[in-house]
$ cat entry39.tsv   # TSV, C-alpha atoms
chain	number	residue	atom	x	y	z
A	1	MET	CA	-23.90	-41.70	-83.21
A	2	THR	CA	-22.68	-43.73	-86.21
A	3	ASP	CA	-20.21	-40.94	-86.97
A	4	LEU	CA	-18.92	-41.24	-83.44
A	5	ILE	CA	-18.49	-45.00	-83.76
A	6	THR	CA	-16.64	-44.75	-87.08
A	7	LEU	CA	-14.47	-42.04	-85.56
A	8	ALA	CA	-13.74	-44.31	-82.62
A	9	GLN	CA	-12.88	-47.18	-84.95
A	10	GLU	CA	-10.44	-45.05	-86.89
A	11	GLY	CA	-8.87	-44.10	-83.62
A	12	GLY	CA	-8.05	-47.73	-82.92
A	13	LEU	CA	-11.16	-48.76	-81.02
A	14	THR	CA	-12.63	-52.03	-82.23
A	15	ASP	CA	-16.31	-53.01	-82.19
A	16	GLU	CA	-15.60	-55.09	-79.14
A	17	GLY	CA	-14.02	-52.15	-77.37
A	18	VAL	CA	-17.05	-49.97	-78.04
A	19	ALA	CA	-19.32	-52.75	-76.75
A	20	THR	CA	-17.25	-53.00	-73.57
A	21	ILE	CA	-17.51	-49.27	-72.99
A	22	GLY	CA	-21.27	-49.58	-73.53
A	23	LYS	CA	-21.52	-52.34	-70.94
A	24	GLY	CA	-19.68	-50.21	-68.44
A	25	LEU	CA	-21.91	-47.25	-69.19
A	26	VAL	CA	-25.08	-49.33	-68.77
A	27	TYR	CA	-24.24	-50.22	-65.21
A	28	GLY	CA	-22.76	-46.85	-64.34
A	29	LEU	CA	-25.80	-44.94	-65.57
A	30	ALA	CA	-28.22	-47.42	-64.03
A	31	ALA	CA	-26.61	-46.93	-60.63
A	32	ILE	CA	-27.00	-43.14	-60.43
A	33	GLY	CA	-30.73	-42.89	-59.78
A	34	PRO	CA	-31.02	-45.85	-57.38
A	35	GLY	CA	-27.95	-44.59	-55.53
A	36	ILE	CA	-29.67	-41.30	-54.78
A	37	GLY	CA	-32.92	-43.12	-54.00
A	38	VAL	CA	-31.38	-45.57	-51.55
A	39	GLY	CA	-29.63	-42.67	-49.82
A	40	LEU	CA	-32.94	-40.86	-49.40
A	41	VAL	CA	-34.66	-43.99	-48.07
A	42	PHE	CA	-32.03	-44.63	-45.43
A	43	SER	CA	-31.70	-41.00	-44.38
A	44	SER	CA	-35.47	-40.72	-43.90
A	45	ALA	CA	-35.57	-44.03	-42.02
A	46	ILE	CA	-32.77	-42.95	-39.68
A	47	GLU	CA	-34.55	-39.69	-39.04
A	48	ALA	CA	-37.82	-41.49	-38.34
A	49	MET	CA	-36.12	-43.94	-35.98
A	50	ALA	CA	-34.37	-41.13	-34.12
A	51	ARG	CA	-37.59	-39.19	-33.70
A	52	GLN	CA	-39.73	-42.16	-32.70
A	53	PRO	CA	-37.58	-45.01	-31.42
A	54	GLU	CA	-40.69	-46.90	-30.29
A	55	THR	CA	-41.76	-47.49	-33.90
A	56	ALA	CA	-38.28	-48.52	-35.03
A	57	GLY	CA	-39.34	-52.08	-35.89
A	58	GLU	CA	-42.10	-50.94	-38.18
A	59	THR	CA	-39.87	-48.31	-39.76
A	60	ARG	CA	-37.18	-50.90	-40.44
A	61	THR	CA	-39.62	-53.19	-42.25
A	62	THR	CA	-40.86	-50.35	-44.43
A	63	MET	CA	-37.30	-49.17	-45.00
A	64	PHE	CA	-36.21	-52.53	-46.35
A	65	LEU	CA	-39.29	-52.68	-48.54
A	66	GLY	CA	-38.47	-49.35	-50.16
A	67	PHE	CA	-34.80	-50.21	-50.33
A	68	ALA	CA	-35.55	-53.47	-52.13
A	69	LEU	CA	-37.83	-51.85	-54.70
A	70	ILE	CA	-35.27	-49.15	-55.53
A	71	GLU	CA	-32.32	-51.49	-55.53
A	72	ALA	CA	-34.01	-53.67	-58.16
A	73	LEU	CA	-33.47	-50.93	-60.75
A	74	ALA	CA	-29.72	-50.87	-60.23
A	75	LEU	CA	-29.56	-54.66	-60.30
A	76	ILE	CA	-31.53	-54.86	-63.54
A	77	GLY	CA	-28.87	-52.57	-64.99
A	78	PHE	CA	-26.19	-54.91	-63.67
A	79	VAL	CA	-27.83	-57.94	-65.29
A	80	LEU	CA	-28.39	-56.03	-68.54
A	81	SER	CA	-24.69	-55.25	-68.74
A	82	PHE	CA	-24.07	-58.99	-68.91
A	83	ILE	CA	-26.87	-59.66	-71.38
A	84	ILE	CA	-26.06	-57.03	-74.03
B	1	MET	CA	-6.04	-60.36	-68.28
B	2	GLU	CA	-9.50	-61.20	-69.49
B	3	LEU	CA	-12.02	-62.67	-67.13
B	4	ASP	CA	-14.62	-64.88	-68.73
B	5	VAL	CA	-17.59	-64.72	-66.42
B	6	ASN	CA	-19.00	-67.99	-67.74
B	7	HIS	CA	-16.22	-69.89	-66.01
B	8	LEU	CA	-17.59	-68.72	-62.69
B	9	PHE	CA	-21.13	-69.94	-63.20
B	10	PHE	CA	-21.22	-72.88	-65.59
B	11	TRP	CA	-20.08	-76.32	-64.62
B	12	ASP	CA	-19.84	-79.60	-66.50
B	13	PRO	CA	-22.31	-82.33	-65.55
B	14	ILE	CA	-20.94	-84.94	-63.19
B	15	LEU	CA	-23.82	-87.44	-63.23
B	16	PHE	CA	-26.50	-88.55	-65.70
B	17	GLU	CA	-25.00	-86.51	-68.50
B	18	GLY	CA	-27.27	-85.94	-71.48
B	19	THR	CA	-30.51	-86.82	-69.69
B	20	PRO	CA	-33.00	-84.26	-68.33
B	21	PHE	CA	-31.73	-85.19	-64.84
B	22	SER	CA	-28.24	-83.97	-65.57
B	23	PHE	CA	-26.51	-83.30	-62.27
B	24	ASN	CA	-23.70	-80.78	-61.84
B	25	ARG	CA	-21.96	-78.96	-59.03
B	26	VAL	CA	-24.73	-76.37	-58.69
B	27	THR	CA	-27.41	-79.05	-58.25
B	28	LEU	CA	-25.21	-80.84	-55.76
B	29	LEU	CA	-24.74	-77.66	-53.75
B	30	MET	CA	-28.48	-76.99	-53.85
B	31	VAL	CA	-29.08	-80.44	-52.35
B	32	VAL	CA	-26.44	-79.67	-49.74
B	33	ALA	CA	-28.19	-76.41	-48.85
B	34	GLY	CA	-31.52	-78.23	-48.58
B	35	LEU	CA	-30.00	-80.87	-46.31
B	36	LEU	CA	-28.35	-78.16	-44.18
B	37	CYS	CA	-31.74	-76.51	-43.81
B	38	LEU	CA	-33.32	-79.82	-42.83
B	39	ALA	CA	-30.55	-80.65	-40.36
B	40	PHE	CA	-30.79	-77.19	-38.82
B	41	PHE	CA	-34.48	-77.57	-38.05
B	42	LYS	CA	-34.13	-81.24	-37.11
B	43	ALA	CA	-31.52	-80.29	-34.53
B	44	GLY	CA	-33.73	-77.45	-33.37
B	45	ALA	CA	-37.03	-79.28	-33.09
B	46	LYS	CA	-36.26	-81.51	-30.14
B	47	GLY	CA	-39.58	-80.88	-28.42
B	48	ARG	CA	-38.00	-79.67	-25.20
B	49	LEU	CA	-39.95	-76.82	-23.71
B	50	VAL	CA	-36.81	-75.16	-22.37
B	51	PRO	CA	-34.38	-74.78	-25.28
B	52	LYS	CA	-31.00	-76.31	-24.70
B	53	GLY	CA	-27.85	-76.07	-26.76
B	54	PHE	CA	-26.83	-73.90	-29.68
B	55	PHE	CA	-28.94	-75.43	-32.43
B	56	GLN	CA	-32.25	-75.43	-30.63
B	57	ASN	CA	-31.72	-71.85	-29.51
B	58	ALA	CA	-30.69	-70.75	-32.99
B	59	ALA	CA	-33.56	-72.54	-34.72
B	60	GLU	CA	-36.17	-71.25	-32.27
B	61	GLN	CA	-34.77	-67.74	-32.45
B	62	GLY	CA	-34.72	-67.85	-36.24
B	63	TYR	CA	-38.24	-69.17	-36.51
B	64	THR	CA	-39.53	-66.66	-33.97
B	65	PHE	CA	-37.86	-63.87	-35.92
B	66	VAL	CA	-39.55	-64.86	-39.18
B	67	ARG	CA	-42.89	-65.45	-37.47
B	68	ASN	CA	-43.02	-62.22	-35.45
B	69	GLN	CA	-40.98	-59.75	-37.46
B	70	ILE	CA	-42.15	-60.81	-40.91
B	71	ALA	CA	-45.34	-62.88	-40.84
B	72	VAL	CA	-47.24	-61.21	-38.00
B	73	ASP	CA	-45.91	-57.69	-38.61
B	74	VAL	CA	-46.67	-57.65	-42.32
B	75	ILE	CA	-49.60	-60.03	-42.84
B	76	GLY	CA	-51.33	-59.38	-39.52
B	77	PRO	CA	-51.86	-61.20	-36.23
B	78	LYS	CA	-54.83	-63.23	-37.52
B	79	ASP	CA	-53.54	-64.61	-40.84
B	80	GLY	CA	-49.82	-64.22	-40.24
B	81	PRO	CA	-49.00	-67.40	-38.29
B	82	LYS	CA	-50.63	-69.53	-41.01
B	83	TYR	CA	-48.00	-68.43	-43.53
B	84	ALA	CA	-45.09	-68.48	-41.07
B	85	PRO	CA	-43.96	-72.05	-41.98
B	86	TYR	CA	-43.71	-71.22	-45.70
B	87	LEU	CA	-41.90	-67.95	-45.00
B	88	ALA	CA	-39.51	-69.61	-42.56
B	89	SER	CA	-38.60	-72.38	-45.01
B	90	LEU	CA	-38.12	-69.78	-47.72
B	91	PHE	CA	-35.92	-67.64	-45.48
B	92	PHE	CA	-33.67	-70.45	-44.30
B	93	PHE	CA	-33.37	-72.15	-47.68
B	94	ILE	CA	-32.30	-68.89	-49.34
B	95	PHE	CA	-30.03	-68.11	-46.39
B	96	PHE	CA	-28.20	-71.45	-46.62
B	97	CYS	CA	-28.03	-71.27	-50.42
B	98	ASN	CA	-26.46	-67.81	-50.14
B	99	LEU	CA	-24.21	-68.80	-47.27
B	100	LEU	CA	-22.33	-71.20	-49.55
B	101	GLU	CA	-20.92	-68.10	-51.23
B	102	ILE	CA	-18.52	-67.39	-48.38
B	103	VAL	CA	-17.92	-70.93	-47.14
B	104	PRO	CA	-14.22	-71.59	-47.83
B	105	GLY	CA	-13.70	-74.33	-50.39
B	106	ILE	CA	-17.17	-74.00	-51.90
B	107	ASN	CA	-17.44	-70.29	-52.65
B	108	PHE	CA	-20.44	-70.59	-54.89
B	109	PRO	CA	-23.87	-69.17	-54.07
B	110	VAL	CA	-26.49	-71.49	-55.54
B	111	THR	CA	-28.85	-68.54	-55.98
B	112	SER	CA	-26.51	-66.99	-58.54
B	113	ARG	CA	-27.95	-69.36	-61.16
B	114	MET	CA	-31.32	-68.19	-62.43
B	115	ALA	CA	-33.09	-71.54	-61.92
B	116	VAL	CA	-33.20	-71.31	-58.12
B	117	PRO	CA	-34.50	-67.73	-57.65
B	118	ALA	CA	-36.88	-68.21	-60.57
B	119	ALA	CA	-38.38	-71.36	-59.07
B	120	LEU	CA	-38.75	-69.72	-55.65
B	121	SER	CA	-40.34	-66.59	-57.06
B	122	LEU	CA	-42.72	-68.68	-59.22
B	123	LEU	CA	-43.79	-70.50	-56.06
B	124	THR	CA	-44.46	-67.17	-54.35
B	125	TYR	CA	-46.31	-65.94	-57.45
B	126	VAL	CA	-48.61	-68.97	-57.52
B	127	ILE	CA	-49.25	-68.65	-53.78
B	128	PHE	CA	-50.13	-64.97	-53.75
B	129	VAL	CA	-52.41	-65.23	-56.80
B	130	PHE	CA	-54.11	-68.32	-55.36
B	131	VAL	CA	-54.55	-66.70	-51.93
B	132	GLY	CA	-55.98	-63.59	-53.57
B	133	PHE	CA	-58.64	-65.58	-55.44
B	134	LYS	CA	-59.38	-67.73	-52.41
B	135	LYS	CA	-59.80	-64.86	-49.95
B	136	GLN	CA	-61.47	-62.28	-52.18
B	137	GLY	CA	-62.83	-64.26	-55.12
B	138	LEU	CA	-63.18	-62.32	-58.33
B	139	ARG	CA	-62.97	-59.07	-56.38
B	140	PHE	CA	-59.20	-59.68	-56.23
B	141	LEU	CA	-58.97	-59.40	-60.00
B	142	LYS	CA	-61.33	-56.44	-60.12
B	143	ASP	CA	-59.56	-54.53	-57.34
B	144	THR	CA	-56.15	-55.24	-58.76
B	145	LEU	CA	-56.95	-54.29	-62.34
B	146	PHE	CA	-59.37	-51.45	-61.52
B	147	PRO	CA	-58.33	-49.93	-58.19
B	148	PRO	CA	-61.36	-48.23	-56.59
B	149	GLY	CA	-61.56	-44.48	-56.09
B	150	VAL	CA	-60.08	-43.47	-59.44
B	151	PRO	CA	-61.85	-41.43	-62.17
B	152	LYS	CA	-63.02	-43.68	-65.02
B	153	PRO	CA	-60.81	-42.36	-67.88
B	154	VAL	CA	-57.68	-42.92	-65.81
B	155	TYR	CA	-58.25	-46.68	-66.05
B	156	LEU	CA	-57.11	-46.52	-69.67
B	157	LEU	CA	-53.66	-45.68	-68.36
B	158	LEU	CA	-53.78	-47.37	-64.98
B	159	THR	CA	-54.99	-50.86	-65.89
B	160	PRO	CA	-52.08	-51.78	-68.21
B	161	ILE	CA	-49.63	-50.46	-65.61
B	162	GLU	CA	-51.30	-52.49	-62.87
B	163	ILE	CA	-51.32	-55.67	-64.98
B	164	ALA	CA	-47.64	-55.24	-65.76
B	165	SER	CA	-46.60	-54.34	-62.24
B	166	VAL	CA	-48.56	-56.99	-60.34
B	167	PHE	CA	-48.46	-59.98	-62.65
B	168	ILE	CA	-45.21	-59.51	-64.58
B	169	ILE	CA	-42.79	-57.17	-62.84
B	170	ARG	CA	-43.36	-58.52	-59.32
B	171	PRO	CA	-42.16	-62.09	-59.85
B	172	LEU	CA	-39.50	-60.92	-62.29
B	173	THR	CA	-37.90	-58.40	-59.94
B	174	LEU	CA	-38.19	-60.80	-57.02
B	175	ALA	CA	-36.07	-63.34	-58.90
B	176	ILE	CA	-33.68	-60.85	-60.52
B	177	ARG	CA	-32.98	-59.05	-57.24
B	178	LEU	CA	-31.75	-62.20	-55.53
B	179	LEU	CA	-29.90	-63.43	-58.61
B	180	ALA	CA	-28.13	-60.16	-59.33
B	181	ASN	CA	-27.09	-59.58	-55.72
B	182	MET	CA	-25.52	-62.99	-55.42
B	183	MET	CA	-23.98	-62.83	-58.89
B	184	ALA	CA	-22.46	-59.43	-58.15
B	185	GLY	CA	-21.09	-60.66	-54.84
B	186	HIS	CA	-19.60	-63.77	-56.40
B	187	VAL	CA	-17.93	-61.81	-59.23
B	188	LEU	CA	-16.67	-59.15	-56.81
B	189	LEU	CA	-15.08	-61.67	-54.45
B	190	THR	CA	-13.55	-63.62	-57.33
B	191	ILE	CA	-12.06	-60.50	-58.90
B	192	PHE	CA	-10.50	-59.30	-55.67
B	193	PHE	CA	-9.02	-62.67	-54.71
B	194	LEU	CA	-7.79	-63.09	-58.28
B	195	PHE	CA	-6.09	-59.69	-58.07
B	196	THR	CA	-4.51	-60.67	-54.77
B	197	HIS	CA	-3.17	-63.84	-56.32
B	198	ASP	CA	-1.89	-62.06	-59.42
B	199	PHE	CA	-0.22	-59.30	-57.44
B	200	ILE	CA	1.41	-61.47	-54.79
B	201	TRP	CA	2.74	-64.06	-57.24
B	202	PRO	CA	5.46	-61.87	-58.89
B	203	TRP	CA	6.28	-60.48	-55.46
B	204	GLN	CA	7.18	-63.94	-54.19
B	205	GLU	CA	9.46	-64.48	-57.15
B	206	GLY	CA	11.48	-61.44	-56.18
B	207	GLY	CA	10.01	-58.97	-58.63
B	208	LEU	CA	9.33	-56.17	-56.18
B	209	GLY	CA	7.33	-53.34	-57.62
B	210	ILE	CA	3.93	-51.78	-57.46
B	211	SER	CA	2.45	-55.24	-56.78
B	212	ALA	CA	4.17	-55.35	-53.38
B	213	VAL	CA	1.91	-52.50	-52.34
B	214	LEU	CA	-1.22	-53.49	-54.25
B	215	GLY	CA	-1.22	-57.18	-53.29
B	216	PRO	CA	-1.81	-56.68	-49.54
B	217	VAL	CA	-4.27	-53.88	-50.25
B	218	THR	CA	-6.47	-56.04	-52.46
B	219	PHE	CA	-6.24	-58.84	-49.91
B	220	VAL	CA	-7.49	-56.57	-47.11
B	221	VAL	CA	-10.26	-55.25	-49.35
B	222	ALA	CA	-11.25	-58.81	-50.27
B	223	CYS	CA	-11.47	-59.76	-46.58
B	224	GLY	CA	-13.59	-56.70	-45.93
B	225	LEU	CA	-15.83	-57.69	-48.82
B	226	LEU	CA	-16.31	-61.12	-47.24
B	227	VAL	CA	-17.83	-59.43	-44.19
B	228	PHE	CA	-19.91	-57.19	-46.45
B	229	GLU	CA	-21.17	-60.26	-48.34
B	230	MET	CA	-22.22	-61.81	-45.03
B	231	LEU	CA	-24.46	-58.76	-44.57
B	232	VAL	CA	-25.79	-58.99	-48.14
B	233	ILE	CA	-26.57	-62.70	-47.69
B	234	SER	CA	-28.76	-62.11	-44.65
B	235	ILE	CA	-30.41	-58.99	-46.06
B	236	GLN	CA	-31.28	-60.68	-49.35
B	237	ALA	CA	-32.87	-63.66	-47.58
B	238	TYR	CA	-34.77	-61.18	-45.38
B	239	ILE	CA	-35.91	-59.03	-48.30
B	240	PHE	CA	-37.10	-61.97	-50.39
B	241	THR	CA	-39.16	-63.25	-47.45
B	242	LEU	CA	-40.41	-59.78	-46.58
B	243	LEU	CA	-41.60	-59.07	-50.12
B	244	THR	CA	-43.28	-62.48	-50.29
B	245	ALA	CA	-45.11	-61.67	-47.06
B	246	PHE	CA	-46.02	-58.24	-48.40
B	247	TYR	CA	-47.49	-59.68	-51.62
B	248	ILE	CA	-49.46	-62.30	-49.70
B	249	ALA	CA	-50.72	-59.60	-47.32
B	250	GLU	CA	-51.90	-57.51	-50.23
B	251	SER	CA	-53.74	-60.52	-51.67
B	252	ILE	CA	-55.46	-61.17	-48.33
B	253	HIS	CA	-56.42	-57.62	-47.41
B	254	GLY	CA	-57.12	-56.22	-50.84
B	255	HIS	CA	-55.42	-53.55	-52.85
B	256	GLY	CA	-54.05	-50.33	-51.43
B	257	ASP	CA	-53.98	-48.91	-47.94
B	258	HIS	CA	-57.52	-49.61	-46.78
B	259	ALA	CA	-56.16	-52.93	-45.53
B	260	ASP	CA	-54.61	-51.23	-42.54
B	261	THR	CA	-57.75	-49.38	-41.49
B	262	SER	CA	-59.94	-52.48	-41.67
B	263	GLU	CA	-57.42	-54.37	-39.59
B	264	HIS	CA	-57.30	-51.64	-36.99
B	265	GLU	CA	-61.09	-51.54	-36.84
B	266	ALA	CA	-61.28	-55.29	-36.36
B	267	HIS	CA	-58.73	-55.05	-33.61
B	268	GLN	CA	-60.66	-52.29	-31.89
B	269	VAL	CA	-63.91	-54.18	-31.95
B	270	GLU	CA	-62.11	-57.20	-30.59
B	271	THR	CA	-60.59	-55.43	-27.60
B	272	GLN	CA	-63.17	-52.68	-27.10
B	273	ARG	CA	-60.57	-49.96	-27.08
B	274	PRO	CA	-61.32	-46.24	-27.11
B	275	LEU	CA	-60.64	-44.49	-30.43
B	276	THR	CA	-57.51	-42.69	-29.30
B	277	GLU	CA	-55.67	-45.90	-28.49
B	278	GLY	CA	-56.41	-47.52	-31.82
B	279	ILE	CA	-53.59	-45.63	-33.52
B	280	GLU	CA	-50.87	-48.02	-32.45
B	281	ALA	CA	-50.38	-51.07	-34.64
B	282	PRO	CA	-51.83	-54.33	-33.36
B	283	ALA	CA	-48.61	-56.15	-34.22
B	284	THR	CA	-46.56	-54.28	-31.62
B	285	ALA	CA	-49.07	-55.19	-28.93
B	286	ALA	CA	-49.00	-58.89	-29.87
$ encode --input "entry39.tsv" --output "structure tokens"
Amino acid sequence: MTDLITLAQEGGLTDEGVATIGKGLVYGLAAIGPGIGVGLVFSSAIEAMARQPETAGETRTTMFLGFALIEALALIGFVLSFII
Amino acid sequence: MELDVNHLFFWDPILFEGTPFSFNRVTLLMVVAGLLCLAFFKAGAKGRLVPKGFFQNAAEQGYTFVRNQIAVDVIGPKDGPKYAPYLASLFFFIFFCNLLEIVPGINFPVTSRMAVPAALSLLTYVIFVFVGFKKQGLRFLKDTLFPPGVPKPVYLLLTPIEIASVFIIRPLTLAIRLLANMMAGHVLLTIFFLFTHDFIWPWQEGGLGISAVLGPVTFVVACGLLVFEMLVISIQAYIFTLLTAFYIAESIHGHGDHADTSEHEAHQVETQRPLTEGIEAPATAA
């Protein structure tokens, strides 16, 4: 990894530039898993609502609960990209 | 062009500078949101049995939504209405704080500074821990740290995870979720309107180029994002309230899913229903 950084510095990348790339990577990588997860949550919820429209209210509450818990991971990545 | 994010979130004090009561734009906007909340309910609570006018209808509809869709649905028909006032104030305070993000001329969500979400989530934290001890006594601590129905050696692994998830990660994620959503929205809107400004400016001065195409595009995208932020604002207020209700419900009914069965049983005894009808949730019948 240090070899890579020195190589990057010789190529004209400064420390700051490497840090900026890192910040971008933090959020980009943190968004992959939650993106898939949120997609699964909503697809299952839509399926459940289409199959049993009479329980749509309950399904929606549970859907938002799962959505919120998954989304937190992506948002922690977003905040981390500001902190580091 | 380098964007310094700090310029978007930090403001100089305008009153009482240097004292602990230092007052800046964020504090002022928080007071404005609180007053808006107060005025909204003041206008709504006229005491007329038949609602009349926009504000009374909106306030009654909003309160009914929080009470039925969040408090009763999640906490249960017996304990739910008791917590409805707290949940409703939480919902509307967060909603008005967030709403300032897209109000023209203000464009700053108060909840994008950590102090506000942190204070609200600490309040929720204190309430759900207190309610847990009040309703279940020391069994709350025992059930939370050592969930029943698990082989003994597993506790070595499970107890630290439970401590971290219930007492540390819960309030932390509650605050960070609201903060990060509003921060992201604020930065996103700022960037797109800044792009619009930067692209349209050379265009006005006669320098036609790529900016003539990009300027209108970023403007349209920024307007679309305003609508999207409206959605995020409502959903974040809803999610914060929903999770608060969920945590309180878990403190009242105990850990895990046996809460639902006990509630169903109680409901059945109450109404003397046959077993086959007990499957539907009591909340939908209420």
$ residues_around --input "entry39.tsv" --residues "Phe41 (chain B)" --least-positions-apart "4" --cutoff "8 Å" --atoms "only C-alpha atoms" --output "PyMOL selection string"
chain B and resi 37+45+59
$ atom_distance --input "entry39.tsv" --atom1 "CA of Arg51 (chain A)" --atom2 "CA of Gly37 (chain A)"
21.2 Å
$ interface_residues --input "entry39.tsv" --of "chain B" --to "chain A" --cutoff "7 Å" --atoms "only C-alpha atoms" --output "list in words"
Thr173, Arg177, Ala180, Ile239 and Leu243 of chain B
$ residues_near_point --input "entry39.tsv" --point "(-30.7, -71.7, -53.6)" --cutoff "10 Å" --atoms "all atoms listed in the file" --output "PyMOL selection string"
chain B and resi 26-27+29-34+90+92-100+109-120+178-179
$ residues_around --input "entry39.tsv" --residues "region 215-218 of chain B" --least-positions-apart "5" --cutoff "10 Å" --atoms "all atoms listed in the file" --output "NGL selection string"
:B and (191-203 or 210 or 223-224)
$ atom_distance --input "entry39.tsv" --atom1 "CA of Gly28 (chain A)" --atom2 "CA of Ile176 (chain B)"
18.2 Å
$ atom_distance --input "entry39.tsv" --atom1 "CA of Ile75 (chain B)" --atom2 "CA of Ile248 (chain B)"
7.2 Å
$ residues_around --input "entry39.tsv" --residues "Gln69 (chain B)" --least-positions-apart "4" --cutoff "10 Å" --atoms "all atoms listed in the file" --output "PDB file with C-alpha atoms, keeping the file's coordinate frame"
ATOM      1  CA  GLY A  57     -39.340 -52.080 -35.890  1.00  0.00           C
ATOM      2  CA  GLU A  58     -42.100 -50.940 -38.180  1.00  0.00           C
ATOM      3  CA  THR A  61     -39.620 -53.190 -42.250  1.00  0.00           C
TER       4      THR A  61
ATOM      5  CA  TYR B  63     -38.240 -69.170 -36.510  1.00  0.00           C
ATOM      6  CA  THR B  64     -39.530 -66.660 -33.970  1.00  0.00           C
ATOM      7  CA  PHE B  65     -37.860 -63.870 -35.920  1.00  0.00           C
ATOM      8  CA  ASP B  73     -45.910 -57.690 -38.610  1.00  0.00           C
ATOM      9  CA  VAL B  74     -46.670 -57.650 -42.320  1.00  0.00           C
ATOM     10  CA  LEU B 242     -40.410 -59.780 -46.580  1.00  0.00           C
ATOM     11  CA  ALA B 283     -48.610 -56.150 -34.220  1.00  0.00           C
ATOM     12  CA  THR B 284     -46.560 -54.280 -31.620  1.00  0.00           C
TER      13      THR B 284
END
$ closest_residue --input "entry39.tsv" --among "B:Pro151, B:Pro104, B:Gly137, B:Gly254" --to "Leu189 (chain B)" --atoms "all atoms listed in the file"
B:Pro104
$ residues_near_point --input "entry39.tsv" --point "(-46.8, -68.4, -53.8)" --cutoff "10 Å" --atoms "all atoms listed in the file" --output "mmCIF file with C-alpha atoms, keeping the file's coordinate frame"
data_model
loop_
_atom_site.group_PDB
_atom_site.id
_atom_site.type_symbol
_atom_site.label_atom_id
_atom_site.label_comp_id
_atom_site.auth_asym_id
_atom_site.auth_seq_id
_atom_site.Cartn_x
_atom_site.Cartn_y
_atom_site.Cartn_z
ATOM 1 C CA TYR B 86 -43.710 -71.220 -45.700
ATOM 2 C CA LEU B 120 -38.750 -69.720 -55.650
ATOM 3 C CA SER B 121 -40.340 -66.590 -57.060
ATOM 4 C CA LEU B 122 -42.720 -68.680 -59.220
ATOM 5 C CA LEU B 123 -43.790 -70.500 -56.060
ATOM 6 C CA THR B 124 -44.460 -67.170 -54.350
ATOM 7 C CA TYR B 125 -46.310 -65.940 -57.450
ATOM 8 C CA VAL B 126 -48.610 -68.970 -57.520
ATOM 9 C CA ILE B 127 -49.250 -68.650 -53.780
ATOM 10 C CA PHE B 128 -50.130 -64.970 -53.750
ATOM 11 C CA VAL B 129 -52.410 -65.230 -56.800
ATOM 12 C CA PHE B 130 -54.110 -68.320 -55.360
ATOM 13 C CA VAL B 131 -54.550 -66.700 -51.930
ATOM 14 C CA PRO B 171 -42.160 -62.090 -59.850
ATOM 15 C CA THR B 244 -43.280 -62.480 -50.290
ATOM 16 C CA ALA B 245 -45.110 -61.670 -47.060
ATOM 17 C CA TYR B 247 -47.490 -59.680 -51.620
ATOM 18 C CA ILE B 248 -49.460 -62.300 -49.700
#
